[in-house]
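K.L.:
Sharing entry02.pdb, PDB, C-alpha atoms:
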ATOM      1  CA  MET A   1      30.151  -7.496  -1.893  1.00  0.00           C
ATOM      2  CA  ASN A   2      31.785  -6.308   1.315  1.00  0.00           C
ATOM      3  CA  LEU A   3      28.917  -4.660   3.187  1.00  0.00           C
ATOM      4  CA  ASN A   4      31.353  -2.793   5.455  1.00  0.00           C
ATOM      5  CA  GLU A   5      32.351  -0.742   2.418  1.00  0.00           C
ATOM      6  CA  ARG A   6      28.732   0.388   1.909  1.00  0.00           C
ATOM      7  CA  ILE A   7      26.893   0.130   5.237  1.00  0.00           C
ATOM      8  CA  GLN A   8      27.943   1.911   8.416  1.00  0.00           C
ATOM      9  CA  ILE A   9      26.680   1.516  11.976  1.00  0.00           C
ATOM     10  CA  ASP A  10      27.985   4.216  14.297  1.00  0.00           C
ATOM     11  CA  PRO A  11      26.282   5.365  17.515  1.00  0.00           C
ATOM     12  CA  ALA A  12      27.207   8.957  16.604  1.00  0.00           C
ATOM     13  CA  ILE A  13      25.338   8.810  13.279  1.00  0.00           C
ATOM     14  CA  CYS A  14      21.534   8.512  13.192  1.00  0.00           C
ATOM     15  CA  HIS A  15      21.456   7.003  16.693  1.00  0.00           C
ATOM     16  CA  GLY A  16      23.379   3.932  15.544  1.00  0.00           C
ATOM     17  CA  LYS A  17      20.928   2.908  12.849  1.00  0.00           C
ATOM     18  CA  PRO A  18      22.515   1.382   9.746  1.00  0.00           C
ATOM     19  CA  VAL A  19      23.186   4.020   7.106  1.00  0.00           C
ATOM     20  CA  ILE A  20      24.809   4.164   3.706  1.00  0.00           C
ATOM     21  CA  ARG A  21      28.492   4.802   4.474  1.00  0.00           C
ATOM     22  CA  ASP A  22      29.571   8.447   4.465  1.00  0.00           C
ATOM     23  CA  THR A  23      25.949   9.623   4.336  1.00  0.00           C
ATOM     24  CA  ARG A  24      23.157  10.032   6.830  1.00  0.00           C
ATOM     25  CA  VAL A  25      20.764   8.010   4.654  1.00  0.00           C
ATOM     26  CA  PRO A  26      19.350   5.136   6.720  1.00  0.00           C
ATOM     27  CA  VAL A  27      19.051   1.700   5.143  1.00  0.00           C
ATOM     28  CA  SER A  28      15.399   1.785   6.238  1.00  0.00           C
ATOM     29  CA  ILE A  29      14.764   4.833   4.026  1.00  0.00           C
ATOM     30  CA  ILE A  30      16.196   2.994   1.028  1.00  0.00           C
ATOM     31  CA  LEU A  31      14.077  -0.092   1.730  1.00  0.00           C
ATOM     32  CA  GLY A  32      10.956   1.941   2.415  1.00  0.00           C
ATOM     33  CA  SER A  33      11.419   3.894  -0.787  1.00  0.00           C
ATOM     34  CA  LEU A  34      11.718   0.682  -2.804  1.00  0.00           C
ATOM     35  CA  ALA A  35       8.675  -0.767  -1.043  1.00  0.00           C
ATOM     36  CA  GLY A  36       6.772   2.412  -1.798  1.00  0.00           C
ATOM     37  CA  GLY A  37       7.403   2.009  -5.507  1.00  0.00           C
ATOM     38  CA  MET A  38      10.304   4.383  -6.109  1.00  0.00           C
ATOM     39  CA  SER A  39      12.658   3.286  -8.848  1.00  0.00           C
ATOM     40  CA  MET A  40      16.336   2.781  -8.141  1.00  0.00           C
ATOM     41  CA  ALA A  41      17.093   5.754 -10.380  1.00  0.00           C
ATOM     42  CA  ALA A  42      14.707   7.963  -8.387  1.00  0.00           C
ATOM     43  CA  ILE A  43      16.268   6.825  -5.095  1.00  0.00           C
ATOM     44  CA  GLU A  44      19.750   7.521  -6.442  1.00  0.00           C
ATOM     45  CA  GLU A  45      18.709  11.033  -7.426  1.00  0.00           C
ATOM     46  CA  GLU A  46      16.686  11.771  -4.277  1.00  0.00           C
ATOM     47  CA  TYR A  47      19.249  10.580  -1.725  1.00  0.00           C
ATOM     48  CA  GLY A  48      22.563  10.840  -3.584  1.00  0.00           C
ATOM     49  CA  VAL A  49      23.323   7.124  -3.349  1.00  0.00           C
ATOM     50  CA  THR A  50      24.501   4.648  -5.970  1.00  0.00           C
ATOM     51  CA  THR A  51      23.019   1.454  -7.348  1.00  0.00           C
ATOM     52  CA  ALA A  52      25.683  -0.445  -5.382  1.00  0.00           C
ATOM     53  CA  ASP A  53      24.533   1.332  -2.190  1.00  0.00           C
ATOM     54  CA  ILE A  54      20.934   0.263  -2.825  1.00  0.00           C
ATOM     55  CA  GLN A  55      22.006  -3.307  -3.522  1.00  0.00           C
ATOM     56  CA  ALA A  56      24.044  -3.305  -0.298  1.00  0.00           C
ATOM     57  CA  ALA A  57      20.980  -2.120   1.643  1.00  0.00           C
ATOM     58  CA  LEU A  58      18.962  -5.015   0.198  1.00  0.00           C
ATOM     59  CA  ILE A  59      21.692  -7.548   0.994  1.00  0.00           C
ATOM     60  CA  PHE A  60      22.029  -6.126   4.520  1.00  0.00           C
ATOM     61  CA  ALA A  61      18.277  -6.469   5.118  1.00  0.00           C
ATOM     62  CA  ASN A  62      18.211  -9.972   3.649  1.00  0.00           C
ATOM     63  CA  ASP A  63      21.116 -11.082   5.850  1.00  0.00           C
ATOM     64  CA  LEU A  64      19.456  -9.585   8.917  1.00  0.00           C
ATOM     65  CA  ILE A  65      16.154 -11.338   8.230  1.00  0.00           C
ATOM     66  CA  ALA A  66      17.916 -14.641   7.536  1.00  0.00           C
ATOM     67  CA  GLN A  67      19.486 -14.501  11.012  1.00  0.00           C
ATOM     68  CA  GLU A  68      16.234 -13.854  12.866  1.00  0.00           C
ATOM     69  CA  SER A  69      13.620 -16.258  14.130  1.00  0.00           C
ATOM     70  CA  PHE A  70      10.001 -15.299  13.743  1.00  0.00           C
ATOM     71  CA  HIS A  71       6.819 -16.043  15.636  1.00  0.00           C
ATOM     72  CA  PRO A  72       3.339 -15.833  14.180  1.00  0.00           C
ATOM     73  CA  LEU A  73       1.455 -12.671  15.007  1.00  0.00           C
ATOM     74  CA  PRO A  74      -1.726 -13.159  17.019  1.00  0.00           C
ATOM     75  CA  ARG A  75      -4.877 -12.910  14.948  1.00  0.00           C
ATOM     76  CA  VAL A  76      -7.042  -9.918  15.672  1.00  0.00           C
ATOM     77  CA  ALA A  77     -10.771 -10.505  15.430  1.00  0.00           C
TER      78      ALA A  77
END
Show me, as structure tokens, the structure contained in the file I just sent.

P.N.:
Amino acid sequence: MNLNERIQIDPAICHGKPVIRDTRVPVSIILGSLAGGMSMAAIEEEYGVTTADIQAALIFANDLIAQESFHPLPRVA
């Protein structure tokens, strides 16, 4: 899948946050909705996106995480 066909990053749209192309729906909203238990069908209906858009958001997030390095969080007593 070519993510550039589905994901857009433009400083003039949502302060440069990644969005579903030709919408103002941030990738973070899609991911948060999935994490919160919404079904793909409910997300499609709520935000006017497609299954391919949702899959692109997941691939985008996975690619981003794969590129990062992580450090353990300090333990709070």

K.L.:
Give me the residues within 7 Å of stretch 6-11 of chain A as a list in words, counting all atoms listed in the file and dropping any in the same chain fewer than 5 places off.

P.N.:
Gly16, Lys17, Pro18, Val19, Ile20, Arg21, Asp53 and Ala56 of chain A

K.L.:
Between A:His15, A:Gly48, A:Asn4, A:Ala61, which is the closest to A:Gly32 once you count all atoms listed in the file?

P.N.:
A:Ala61

K.L.:
For each of A:Thr51, A:Glu46, A:Asp22, A:Ala77, take the minimum atom-to-atom distance to A:Glu5, counting only C-alpha atoms, then give the residue where this is smallest.

P.N.:
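Result for the nearest residue to A:Glu5: A:Asp22.
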
K.L.:
Residues at most 12 Å from A:Ser33, counting only C-alpha atoms, excluding those fewer than 4 positions away in the same chain, as number ranges by chain?

P.N.:
A: 25-29, 37-44, 46-47, 54, 57-58

K.L.:
To one decimal in Å, tell me the separation between atom CA of A:Phe60 and atom CA of A:Leu3.

P.N.:
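Separating atom CA of A:Phe60 from atom CA of A:Leu3 is a distance of 7.2 Å.
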
K.L.:
What is the distance, in Å and to one decimal place, between atom CA of A:Thr23 and atom CA of A:Glu45?

P.N.:
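Atom CA of A:Thr23 sits 13.9 Å away from atom CA of A:Glu45.
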
K.L.:
Would you compute the distance between atom CA of A:Phe70 and atom CA of A:Leu34? Give it in Å to one decimal.

P.N.:
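According to the coordinates, atom CA of A:Phe70 and atom CA of A:Leu34 are separated by 23.1 Å.
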
K.L.:
Edge lengths and centre in Å to one decimal, as AutoDock Vina command-line options, of the axis-aligned box that encloses all listed atoms of stretch 39-57 of chain A with 4 Å added on every side?

P.N.:
--center_x 19.2 --center_y 4.2 --center_z -4.4 --size_x 21.0 --size_y 23.1 --size_z 20.0

K.L.:
Ranking A:Leu31, A:Arg75, A:Asn2, A:Cys14 by minimum distance to A:Asn62 and counting only C-alpha atoms, which one comes first?

P.N.:
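Residue with the minimum atom-to-atom distance to A:Asn62: A:Leu31.
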
K.L.:
From the coordinates I just gave you, please extract stretch 28-65 of chain A so that only N, CA and C atoms remain, then output it as a PDB file, in the first residue's frame.

P.N.:
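selection25.pdb was written with the following content:
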ATOM      1  N   SER A  28      -4.392   9.899  14.584  1.00  0.00           N
ATOM      2  CA  SER A  28      -4.517   9.631  16.022  1.00  0.00           C
ATOM      3  C   SER A  28      -5.965   9.370  16.438  1.00  0.00           C
ATOM      4  N   ILE A  29      -6.918  10.006  15.787  1.00  0.00           N
ATOM      5  CA  ILE A  29      -8.334   9.763  16.094  1.00  0.00           C
ATOM      6  C   ILE A  29      -8.719   8.341  15.689  1.00  0.00           C
ATOM      7  N   ILE A  30      -8.231   7.923  14.521  1.00  0.00           N
ATOM      8  CA  ILE A  30      -8.514   6.559  14.064  1.00  0.00           C
ATOM      9  C   ILE A  30      -7.928   5.551  15.051  1.00  0.00           C
ATOM     10  N   LEU A  31      -6.672   5.747  15.421  1.00  0.00           N
ATOM     11  CA  LEU A  31      -6.013   4.809  16.342  1.00  0.00           C
ATOM     12  C   LEU A  31      -6.678   4.818  17.714  1.00  0.00           C
ATOM     13  N   GLY A  32      -6.996   5.996  18.199  1.00  0.00           N
ATOM     14  CA  GLY A  32      -7.654   6.103  19.500  1.00  0.00           C
ATOM     15  C   GLY A  32      -9.025   5.456  19.505  1.00  0.00           C
ATOM     16  N   SER A  33      -9.735   5.588  18.403  1.00  0.00           N
ATOM     17  CA  SER A  33     -11.055   4.971  18.301  1.00  0.00           C
ATOM     18  C   SER A  33     -10.946   3.452  18.321  1.00  0.00           C
ATOM     19  N   LEU A  34      -9.966   2.921  17.588  1.00  0.00           N
ATOM     20  CA  LEU A  34      -9.743   1.466  17.619  1.00  0.00           C
ATOM     21  C   LEU A  34      -9.354   1.015  19.021  1.00  0.00           C
ATOM     22  N   ALA A  35      -8.452   1.750  19.652  1.00  0.00           N
ATOM     23  CA  ALA A  35      -8.009   1.400  21.002  1.00  0.00           C
ATOM     24  C   ALA A  35      -9.157   1.467  22.001  1.00  0.00           C
ATOM     25  N   GLY A  36     -10.089   2.369  21.749  1.00  0.00           N
ATOM     26  CA  GLY A  36     -11.233   2.518  22.633  1.00  0.00           C
ATOM     27  C   GLY A  36     -12.330   1.492  22.404  1.00  0.00           C
ATOM     28  N   GLY A  37     -12.125   0.622  21.408  1.00  0.00           N
ATOM     29  CA  GLY A  37     -13.086  -0.453  21.200  1.00  0.00           C
ATOM     30  C   GLY A  37     -14.064  -0.253  20.060  1.00  0.00           C
ATOM     31  N   MET A  38     -13.948   0.858  19.332  1.00  0.00           N
ATOM     32  CA  MET A  38     -14.853   1.051  18.195  1.00  0.00           C
ATOM     33  C   MET A  38     -14.519   0.042  17.101  1.00  0.00           C
ATOM     34  N   SER A  39     -15.531  -0.435  16.436  1.00  0.00           N
ATOM     35  CA  SER A  39     -15.310  -1.340  15.311  1.00  0.00           C
ATOM     36  C   SER A  39     -14.893  -0.531  14.087  1.00  0.00           C
ATOM     37  N   MET A  40     -14.304  -1.211  13.124  1.00  0.00           N
ATOM     38  CA  MET A  40     -13.922  -0.524  11.893  1.00  0.00           C
ATOM     39  C   MET A  40     -15.162   0.042  11.205  1.00  0.00           C
ATOM     40  N   ALA A  41     -16.244  -0.706  11.233  1.00  0.00           N
ATOM     41  CA  ALA A  41     -17.483  -0.234  10.603  1.00  0.00           C
ATOM     42  C   ALA A  41     -17.983   1.043  11.278  1.00  0.00           C
ATOM     43  N   ALA A  42     -17.904   1.091  12.608  1.00  0.00           N
ATOM     44  CA  ALA A  42     -18.349   2.284  13.333  1.00  0.00           C
ATOM     45  C   ALA A  42     -17.456   3.480  13.015  1.00  0.00           C
ATOM     46  N   ILE A  43     -16.146   3.240  12.895  1.00  0.00           N
ATOM     47  CA  ILE A  43     -15.217   4.324  12.563  1.00  0.00           C
ATOM     48  C   ILE A  43     -15.489   4.832  11.150  1.00  0.00           C
ATOM     49  N   GLU A  44     -15.721   3.909  10.229  1.00  0.00           N
ATOM     50  CA  GLU A  44     -16.045   4.302   8.857  1.00  0.00           C
ATOM     51  C   GLU A  44     -17.275   5.204   8.833  1.00  0.00           C
ATOM     52  N   GLU A  45     -18.295   4.819   9.564  1.00  0.00           N
ATOM     53  CA  GLU A  45     -19.535   5.593   9.590  1.00  0.00           C
ATOM     54  C   GLU A  45     -19.351   6.935  10.308  1.00  0.00           C
ATOM     55  N   GLU A  46     -18.672   6.914  11.433  1.00  0.00           N
ATOM     56  CA  GLU A  46     -18.498   8.124  12.249  1.00  0.00           C
ATOM     57  C   GLU A  46     -17.652   9.188  11.552  1.00  0.00           C
ATOM     58  N   TYR A  47     -16.579   8.762  10.890  1.00  0.00           N
ATOM     59  CA  TYR A  47     -15.622   9.731  10.340  1.00  0.00           C
ATOM     60  C   TYR A  47     -15.603   9.794   8.818  1.00  0.00           C
ATOM     61  N   GLY A  48     -16.396   8.975   8.148  1.00  0.00           N
ATOM     62  CA  GLY A  48     -16.449   9.017   6.691  1.00  0.00           C
ATOM     63  C   GLY A  48     -15.163   8.553   6.026  1.00  0.00           C
ATOM     64  N   VAL A  49     -14.522   7.551   6.626  1.00  0.00           N
ATOM     65  CA  VAL A  49     -13.300   6.982   6.069  1.00  0.00           C
ATOM     66  C   VAL A  49     -13.591   5.562   5.595  1.00  0.00           C
ATOM     67  N   THR A  50     -12.626   4.972   4.900  1.00  0.00           N
ATOM     68  CA  THR A  50     -12.795   3.622   4.383  1.00  0.00           C
ATOM     69  C   THR A  50     -11.946   2.636   5.183  1.00  0.00           C
ATOM     70  N   THR A  51     -12.200   1.360   4.954  1.00  0.00           N
ATOM     71  CA  THR A  51     -11.380   0.326   5.578  1.00  0.00           C
ATOM     72  C   THR A  51      -9.927   0.503   5.179  1.00  0.00           C
ATOM     73  N   ALA A  52      -9.671   0.839   3.926  1.00  0.00           N
ATOM     74  CA  ALA A  52      -8.296   1.059   3.452  1.00  0.00           C
ATOM     75  C   ALA A  52      -7.655   2.240   4.183  1.00  0.00           C
ATOM     76  N   ASP A  53      -8.430   3.277   4.485  1.00  0.00           N
ATOM     77  CA  ASP A  53      -7.906   4.417   5.252  1.00  0.00           C
ATOM     78  C   ASP A  53      -7.486   3.974   6.654  1.00  0.00           C
ATOM     79  N   ILE A  54      -8.307   3.162   7.285  1.00  0.00           N
ATOM     80  CA  ILE A  54      -8.015   2.679   8.638  1.00  0.00           C
ATOM     81  C   ILE A  54      -6.772   1.798   8.614  1.00  0.00           C
ATOM     82  N   GLN A  55      -6.683   0.930   7.631  1.00  0.00           N
ATOM     83  CA  GLN A  55      -5.501   0.077   7.502  1.00  0.00           C
ATOM     84  C   GLN A  55      -4.253   0.920   7.272  1.00  0.00           C
ATOM     85  N   ALA A  56      -4.366   1.968   6.473  1.00  0.00           N
ATOM     86  CA  ALA A  56      -3.222   2.860   6.232  1.00  0.00           C
ATOM     87  C   ALA A  56      -2.793   3.543   7.525  1.00  0.00           C
ATOM     88  N   ALA A  57      -3.754   3.946   8.347  1.00  0.00           N
ATOM     89  CA  ALA A  57      -3.429   4.585   9.630  1.00  0.00           C
ATOM     90  C   ALA A  57      -2.660   3.607  10.519  1.00  0.00           C
ATOM     91  N   LEU A  58      -3.061   2.353  10.530  1.00  0.00           N
ATOM     92  CA  LEU A  58      -2.371   1.339  11.327  1.00  0.00           C
ATOM     93  C   LEU A  58      -0.961   1.087  10.797  1.00  0.00           C
ATOM     94  N   ILE A  59      -0.819   0.998   9.489  1.00  0.00           N
ATOM     95  CA  ILE A  59       0.503   0.792   8.889  1.00  0.00           C
ATOM     96  C   ILE A  59       1.394   1.990   9.171  1.00  0.00           C
ATOM     97  N   PHE A  60       0.839   3.206   9.047  1.00  0.00           N
ATOM     98  CA  PHE A  60       1.601   4.423   9.319  1.00  0.00           C
ATOM     99  C   PHE A  60       2.128   4.408  10.749  1.00  0.00           C
ATOM    100  N   ALA A  61       1.253   4.085  11.701  1.00  0.00           N
ATOM    101  CA  ALA A  61       1.656   4.054  13.116  1.00  0.00           C
ATOM    102  C   ALA A  61       2.698   2.966  13.352  1.00  0.00           C
ATOM    103  N   ASN A  62       2.510   1.811  12.757  1.00  0.00           N
ATOM    104  CA  ASN A  62       3.473   0.724  12.917  1.00  0.00           C
ATOM    105  C   ASN A  62       4.841   1.130  12.370  1.00  0.00           C
ATOM    106  N   ASP A  63       4.860   1.733  11.187  1.00  0.00           N
ATOM    107  CA  ASP A  63       6.124   2.169  10.594  1.00  0.00           C
ATOM    108  C   ASP A  63       6.812   3.217  11.468  1.00  0.00           C
ATOM    109  N   LEU A  64       6.026   4.127  12.018  1.00  0.00           N
ATOM    110  CA  LEU A  64       6.577   5.175  12.868  1.00  0.00           C
ATOM    111  C   LEU A  64       7.206   4.575  14.131  1.00  0.00           C
ATOM    112  N   ILE A  65       6.507   3.659  14.754  1.00  0.00           N
ATOM    113  CA  ILE A  65       7.013   3.015  15.964  1.00  0.00           C
ATOM    114  C   ILE A  65       8.258   2.191  15.656  1.00  0.00           C
TER     115      ILE A  65
END
